[in-house]
2 protein chains.
Amino acid sequence: MSTAAPPPVIILVRPQLGQNIGRAARAMLNFGLTEMRLVAPRDGWPNPDAGPAASGAALVLERAQVFDTVADAIADCSLVFASTVRKRDIVTPVVGPEQMAAAIHSTEGRSAILFGPERSGLATEDAVLASHIVTVPINPEFGSLNLAQAVILLAYEWSRSAPLVQPTAFEVEPRAPQAELDGLIEHLDGYLSQVNYFNPPERIHATRNTIRTILTKPGWSSREVKAVRGMIRAIAQPRLRSS
Amino acid sequence: MSTAAPPPVIILVRPQLGQNIGRAARAMLNFGLTEMRLVAPRDGWPNPDAGPAASGAALVLERAQVFDTVADAIADCSLVFASTVRKRDIVTPVVGPEQMAAAIHSTEGRSAILFGPERSGLATEDAVLASHIVTVPINPEFGSLNLAQAVILLAYEWSRSAPLVQPTAFEVEPRAPQAELDGLIEHLDGYLSQVNYFNPPERIHATRNTIRTILTKPGWSSREVKAVRGMIRAIAQPRLRSS
């Protein structure tokens, strides 16, 4: 097992609505992030609106820590990203979500991502505390991510490049062994020969190749190959019986 | 310059709340997706709750098309993904968001992503219409994506790989449109019914789903669909002529 870097801390700076804090918690937990910090939440903490919006991510809210300032909230973090659009007035390097995730995974210390208040976004004086600005590349004519959406996209990006993410199996059932596929092709070929499908004879070779390509492409499992043979037999056999 | 594949159509199947339709529209437009289709929205369409929740993504809602069935909604699409967790009862291949995006970018035809109703998710009979299931790899102990979040994650994944459009040769020939595949399935179904293949009757539904999955999996081109229909006809028709 690799020694994975710790997951990033999600820091909401002066969040306004409890509901959005809850939604952010839910977004986090979907991708395995559990550490939330709140800097000066407008309506205090705890906030009764947060729980219902978290849809079961209560543990994130229960463990949330509250700080007075961003500086306090990031004191133990060695890599801090400010989630915001690029700010004209500061020269902090701007990275995309993917670069952010790679940096978090390869750092040894704690990392954090800052998100600003819903209405205004991160203030310049908070953004400058970060080592990097992280900006989600978005439709230039319609950039309208809400807080929970910004959180979920960055949490997803962290998770998708995490070493522990389980691989999704491209195929649920393994492909049938070649011999079974050959069996199906011969079976079909036999019926087709009987009905004089391979005509004219000089096309036989090309037609057989086409059939093989068509039946190889699916990557059918043993079960599926059997089902296809069953259907072919069902359609062909009544004729054989009646002839 | 490469000719970029068209962006995927986002199809909401039996969505319940207008608010969620609006949020999905907003999520889409953030990443440049503008084509929404609605299948049998519970509260009819237009829905007055959708507009405010769309936060400016009104054009997506205005252009939304409404269909009675999923089959109608995907009739012109050649690559269809069902956004859902893996279903035990079907064997449609499961891919991750990244594989989905790569496939959409490298196909020539139209592609679509299906999302189910908020409460229940996609029904099996709708999921089997898709060529692939797409599942966001999520915290196994807390998977709780809402509709707009599922939409935004897949829209983001499509968008993030958009600039790198490379002909990865996912498909040499484009997949046949769904309507042609449906034609093949009906054709085969007709022959199978005549030979009493669907027996016992209580298994008809499951058997039909299996057949659909088997024939959707290959991703056959129009040419290949035609060839398969030709073979089926060749095998079946002598019997019809002789009976």
# chains A, B, ... in the order shown; residues from 1 in each chain; ligands from 1
$ interface_residues --of "chain B" --to "chain A" --cutoff "6 Å" --atoms "only C-alpha atoms" --output "PyMOL selection string"
chain B and resi 30-32+93-95+138-139+142-143+217-218+235-236+239
$ residues_around --residues "stretch 42-49 of chain B" --least-positions-apart "3" --cutoff "12 Å" --atoms "only C-alpha atoms" --output "count of residues only"
31
$ atom_distance --atom1 "atom CA of A:Ile185" --atom2 "atom CA of B:Lys87"
29.8 Å
$ atom_distance --atom1 "atom CA of B:Val128" --atom2 "atom CA of B:Met100"
16.5 Å
$ residues_around --residues "A:Phe81" --least-positions-apart "5" --cutoff "6 Å" --atoms "only C-alpha atoms" --output "list in words"
Ile113, Ala130, His132 and Ile133 of chain A
$ decode --residues "stretch 69-191 of chain A" --atoms "C-alpha atoms" --output "PDB file, in the first residue's frame"
ATOM      1  CA  THR A  69      -9.595  34.031  10.430  1.00  0.00           C
ATOM      2  CA  VAL A  70      -8.336  32.267   7.330  1.00  0.00           C
ATOM      3  CA  ALA A  71      -4.799  32.498   8.681  1.00  0.00           C
ATOM      4  CA  ASP A  72      -5.838  30.494  11.745  1.00  0.00           C
ATOM      5  CA  ALA A  73      -7.692  27.943   9.654  1.00  0.00           C
ATOM      6  CA  ILE A  74      -4.717  27.185   7.432  1.00  0.00           C
ATOM      7  CA  ALA A  75      -2.010  27.401  10.105  1.00  0.00           C
ATOM      8  CA  ASP A  76      -1.221  23.673   9.939  1.00  0.00           C
ATOM      9  CA  CYS A  77      -1.460  23.385   6.136  1.00  0.00           C
ATOM     10  CA  SER A  78       1.544  23.425   3.850  1.00  0.00           C
ATOM     11  CA  LEU A  79      -0.263  23.655   0.540  1.00  0.00           C
ATOM     12  CA  VAL A  80      -3.258  25.967   0.201  1.00  0.00           C
ATOM     13  CA  PHE A  81      -5.408  26.535  -2.855  1.00  0.00           C
ATOM     14  CA  ALA A  82      -7.874  29.386  -3.262  1.00  0.00           C
ATOM     15  CA  SER A  83     -10.858  28.363  -5.354  1.00  0.00           C
ATOM     16  CA  THR A  84     -11.739  31.446  -7.346  1.00  0.00           C
ATOM     17  CA  VAL A  85     -11.465  32.978 -10.762  1.00  0.00           C
ATOM     18  CA  ARG A  86      -8.177  34.656 -11.449  1.00  0.00           C
ATOM     19  CA  LYS A  87      -7.827  37.952  -9.672  1.00  0.00           C
ATOM     20  CA  ARG A  88      -6.327  40.838 -11.546  1.00  0.00           C
ATOM     21  CA  ASP A  89      -4.751  42.375  -8.529  1.00  0.00           C
ATOM     22  CA  ILE A  90      -2.645  39.451  -7.339  1.00  0.00           C
ATOM     23  CA  VAL A  91       0.003  37.350  -8.993  1.00  0.00           C
ATOM     24  CA  THR A  92      -0.571  34.040  -7.245  1.00  0.00           C
ATOM     25  CA  PRO A  93      -0.041  31.231  -9.777  1.00  0.00           C
ATOM     26  CA  VAL A  94      -3.256  29.876 -11.279  1.00  0.00           C
ATOM     27  CA  VAL A  95      -3.702  26.119 -11.753  1.00  0.00           C
ATOM     28  CA  GLY A  96      -6.484  23.897 -13.013  1.00  0.00           C
ATOM     29  CA  PRO A  97      -8.217  21.236 -10.903  1.00  0.00           C
ATOM     30  CA  GLU A  98      -6.019  18.484 -12.273  1.00  0.00           C
ATOM     31  CA  GLN A  99      -2.778  20.227 -11.377  1.00  0.00           C
ATOM     32  CA  MET A 100      -4.211  20.974  -7.952  1.00  0.00           C
ATOM     33  CA  ALA A 101      -5.046  17.316  -7.390  1.00  0.00           C
ATOM     34  CA  ALA A 102      -1.612  16.183  -8.523  1.00  0.00           C
ATOM     35  CA  ALA A 103       0.037  18.629  -6.145  1.00  0.00           C
ATOM     36  CA  ILE A 104      -2.104  17.524  -3.207  1.00  0.00           C
ATOM     37  CA  HIS A 105      -1.380  13.872  -3.873  1.00  0.00           C
ATOM     38  CA  SER A 106       2.321  14.445  -4.030  1.00  0.00           C
ATOM     39  CA  THR A 107       2.759  16.676  -1.013  1.00  0.00           C
ATOM     40  CA  GLU A 108       3.599  15.224   2.319  1.00  0.00           C
ATOM     41  CA  GLY A 109       1.973  17.846   4.501  1.00  0.00           C
ATOM     42  CA  ARG A 110      -1.605  18.882   4.945  1.00  0.00           C
ATOM     43  CA  SER A 111      -3.334  20.682   2.144  1.00  0.00           C
ATOM     44  CA  ALA A 112      -6.445  22.848   2.050  1.00  0.00           C
ATOM     45  CA  ILE A 113      -8.810  24.414  -0.430  1.00  0.00           C
ATOM     46  CA  LEU A 114     -10.449  27.769   0.367  1.00  0.00           C
ATOM     47  CA  PHE A 115     -13.919  28.667  -0.874  1.00  0.00           C
ATOM     48  CA  GLY A 116     -15.366  32.168  -0.481  1.00  0.00           C
ATOM     49  CA  PRO A 117     -18.827  33.403   0.531  1.00  0.00           C
ATOM     50  CA  GLU A 118     -21.667  32.476  -1.826  1.00  0.00           C
ATOM     51  CA  ARG A 119     -22.401  35.958  -3.073  1.00  0.00           C
ATOM     52  CA  SER A 120     -19.012  37.536  -3.489  1.00  0.00           C
ATOM     53  CA  GLY A 121     -16.476  34.725  -3.652  1.00  0.00           C
ATOM     54  CA  LEU A 122     -13.089  34.892  -2.003  1.00  0.00           C
ATOM     55  CA  ALA A 123     -11.828  38.333  -1.095  1.00  0.00           C
ATOM     56  CA  THR A 124      -8.408  39.299  -2.375  1.00  0.00           C
ATOM     57  CA  GLU A 125      -6.959  39.421   1.137  1.00  0.00           C
ATOM     58  CA  ASP A 126      -7.977  35.807   1.686  1.00  0.00           C
ATOM     59  CA  ALA A 127      -6.878  34.595  -1.731  1.00  0.00           C
ATOM     60  CA  VAL A 128      -3.378  35.965  -1.235  1.00  0.00           C
ATOM     61  CA  LEU A 129      -2.905  33.616   1.698  1.00  0.00           C
ATOM     62  CA  ALA A 130      -3.018  30.681  -0.688  1.00  0.00           C
ATOM     63  CA  SER A 131      -0.020  29.327  -2.536  1.00  0.00           C
ATOM     64  CA  HIS A 132      -2.096  28.805  -5.681  1.00  0.00           C
ATOM     65  CA  ILE A 133      -5.379  29.885  -7.157  1.00  0.00           C
ATOM     66  CA  VAL A 134      -7.381  26.983  -8.539  1.00  0.00           C
ATOM     67  CA  THR A 135      -9.878  27.792 -11.277  1.00  0.00           C
ATOM     68  CA  VAL A 136     -12.283  25.345 -12.870  1.00  0.00           C
ATOM     69  CA  PRO A 137     -12.186  25.941 -16.634  1.00  0.00           C
ATOM     70  CA  ILE A 138     -15.729  26.939 -17.368  1.00  0.00           C
ATOM     71  CA  ASN A 139     -17.928  28.233 -20.172  1.00  0.00           C
ATOM     72  CA  PRO A 140     -16.613  31.783 -20.631  1.00  0.00           C
ATOM     73  CA  GLU A 141     -20.122  32.965 -21.431  1.00  0.00           C
ATOM     74  CA  PHE A 142     -21.776  31.316 -18.449  1.00  0.00           C
ATOM     75  CA  GLY A 143     -19.737  30.723 -15.355  1.00  0.00           C
ATOM     76  CA  SER A 144     -22.190  30.078 -12.582  1.00  0.00           C
ATOM     77  CA  LEU A 145     -20.928  27.482 -10.131  1.00  0.00           C
ATOM     78  CA  ASN A 146     -22.508  27.557  -6.731  1.00  0.00           C
ATOM     79  CA  LEU A 147     -20.562  26.749  -3.590  1.00  0.00           C
ATOM     80  CA  ALA A 148     -21.472  23.059  -3.380  1.00  0.00           C
ATOM     81  CA  GLN A 149     -20.776  22.593  -7.090  1.00  0.00           C
ATOM     82  CA  ALA A 150     -17.336  24.140  -6.795  1.00  0.00           C
ATOM     83  CA  VAL A 151     -16.661  21.875  -3.814  1.00  0.00           C
ATOM     84  CA  ILE A 152     -17.873  18.736  -5.561  1.00  0.00           C
ATOM     85  CA  LEU A 153     -15.869  19.353  -8.721  1.00  0.00           C
ATOM     86  CA  LEU A 154     -12.622  19.824  -6.824  1.00  0.00           C
ATOM     87  CA  ALA A 155     -13.394  16.914  -4.488  1.00  0.00           C
ATOM     88  CA  TYR A 156     -14.095  14.759  -7.528  1.00  0.00           C
ATOM     89  CA  GLU A 157     -10.873  15.825  -9.176  1.00  0.00           C
ATOM     90  CA  TRP A 158      -8.945  14.967  -6.031  1.00  0.00           C
ATOM     91  CA  SER A 159     -10.679  11.598  -5.813  1.00  0.00           C
ATOM     92  CA  ARG A 160     -10.324  10.667  -9.462  1.00  0.00           C
ATOM     93  CA  SER A 161      -6.578  10.852  -9.293  1.00  0.00           C
ATOM     94  CA  ALA A 162      -6.326   9.287  -5.846  1.00  0.00           C
ATOM     95  CA  PRO A 163      -4.312   6.083  -5.888  1.00  0.00           C
ATOM     96  CA  LEU A 164      -7.001   4.307  -3.880  1.00  0.00           C
ATOM     97  CA  VAL A 165      -9.814   4.874  -6.335  1.00  0.00           C
ATOM     98  CA  GLN A 166     -11.116   1.505  -7.361  1.00  0.00           C
ATOM     99  CA  PRO A 167     -10.909   0.830 -11.072  1.00  0.00           C
ATOM    100  CA  THR A 168     -14.216   0.605 -12.815  1.00  0.00           C
ATOM    101  CA  ALA A 169     -14.486  -2.638 -14.678  1.00  0.00           C
ATOM    102  CA  PHE A 170     -15.046  -1.884 -18.315  1.00  0.00           C
ATOM    103  CA  GLU A 171     -16.668  -5.235 -18.839  1.00  0.00           C
ATOM    104  CA  VAL A 172     -18.947  -6.806 -16.303  1.00  0.00           C
ATOM    105  CA  GLU A 173     -18.650 -10.295 -17.723  1.00  0.00           C
ATOM    106  CA  PRO A 174     -15.401 -11.478 -19.298  1.00  0.00           C
ATOM    107  CA  ARG A 175     -15.299 -12.074 -23.015  1.00  0.00           C
ATOM    108  CA  ALA A 176     -15.973 -15.627 -24.085  1.00  0.00           C
ATOM    109  CA  PRO A 177     -12.897 -17.647 -25.030  1.00  0.00           C
ATOM    110  CA  GLN A 178     -12.115 -17.543 -28.726  1.00  0.00           C
ATOM    111  CA  ALA A 179     -13.143 -21.173 -29.142  1.00  0.00           C
ATOM    112  CA  GLU A 180     -16.699 -20.361 -28.077  1.00  0.00           C
ATOM    113  CA  LEU A 181     -16.861 -17.468 -30.477  1.00  0.00           C
ATOM    114  CA  ASP A 182     -15.568 -19.752 -33.224  1.00  0.00           C
ATOM    115  CA  GLY A 183     -18.306 -22.203 -32.311  1.00  0.00           C
ATOM    116  CA  LEU A 184     -20.918 -19.517 -32.785  1.00  0.00           C
ATOM    117  CA  ILE A 185     -19.438 -18.449 -36.114  1.00  0.00           C
ATOM    118  CA  GLU A 186     -19.351 -22.027 -37.437  1.00  0.00           C
ATOM    119  CA  HIS A 187     -22.865 -22.600 -36.241  1.00  0.00           C
ATOM    120  CA  LEU A 188     -24.127 -19.508 -38.044  1.00  0.00           C
ATOM    121  CA  ASP A 189     -22.003 -20.294 -41.087  1.00  0.00           C
ATOM    122  CA  GLY A 190     -23.587 -23.726 -41.299  1.00  0.00           C
ATOM    123  CA  TYR A 191     -27.110 -22.337 -41.400  1.00  0.00           C
TER     124      TYR A 191
END
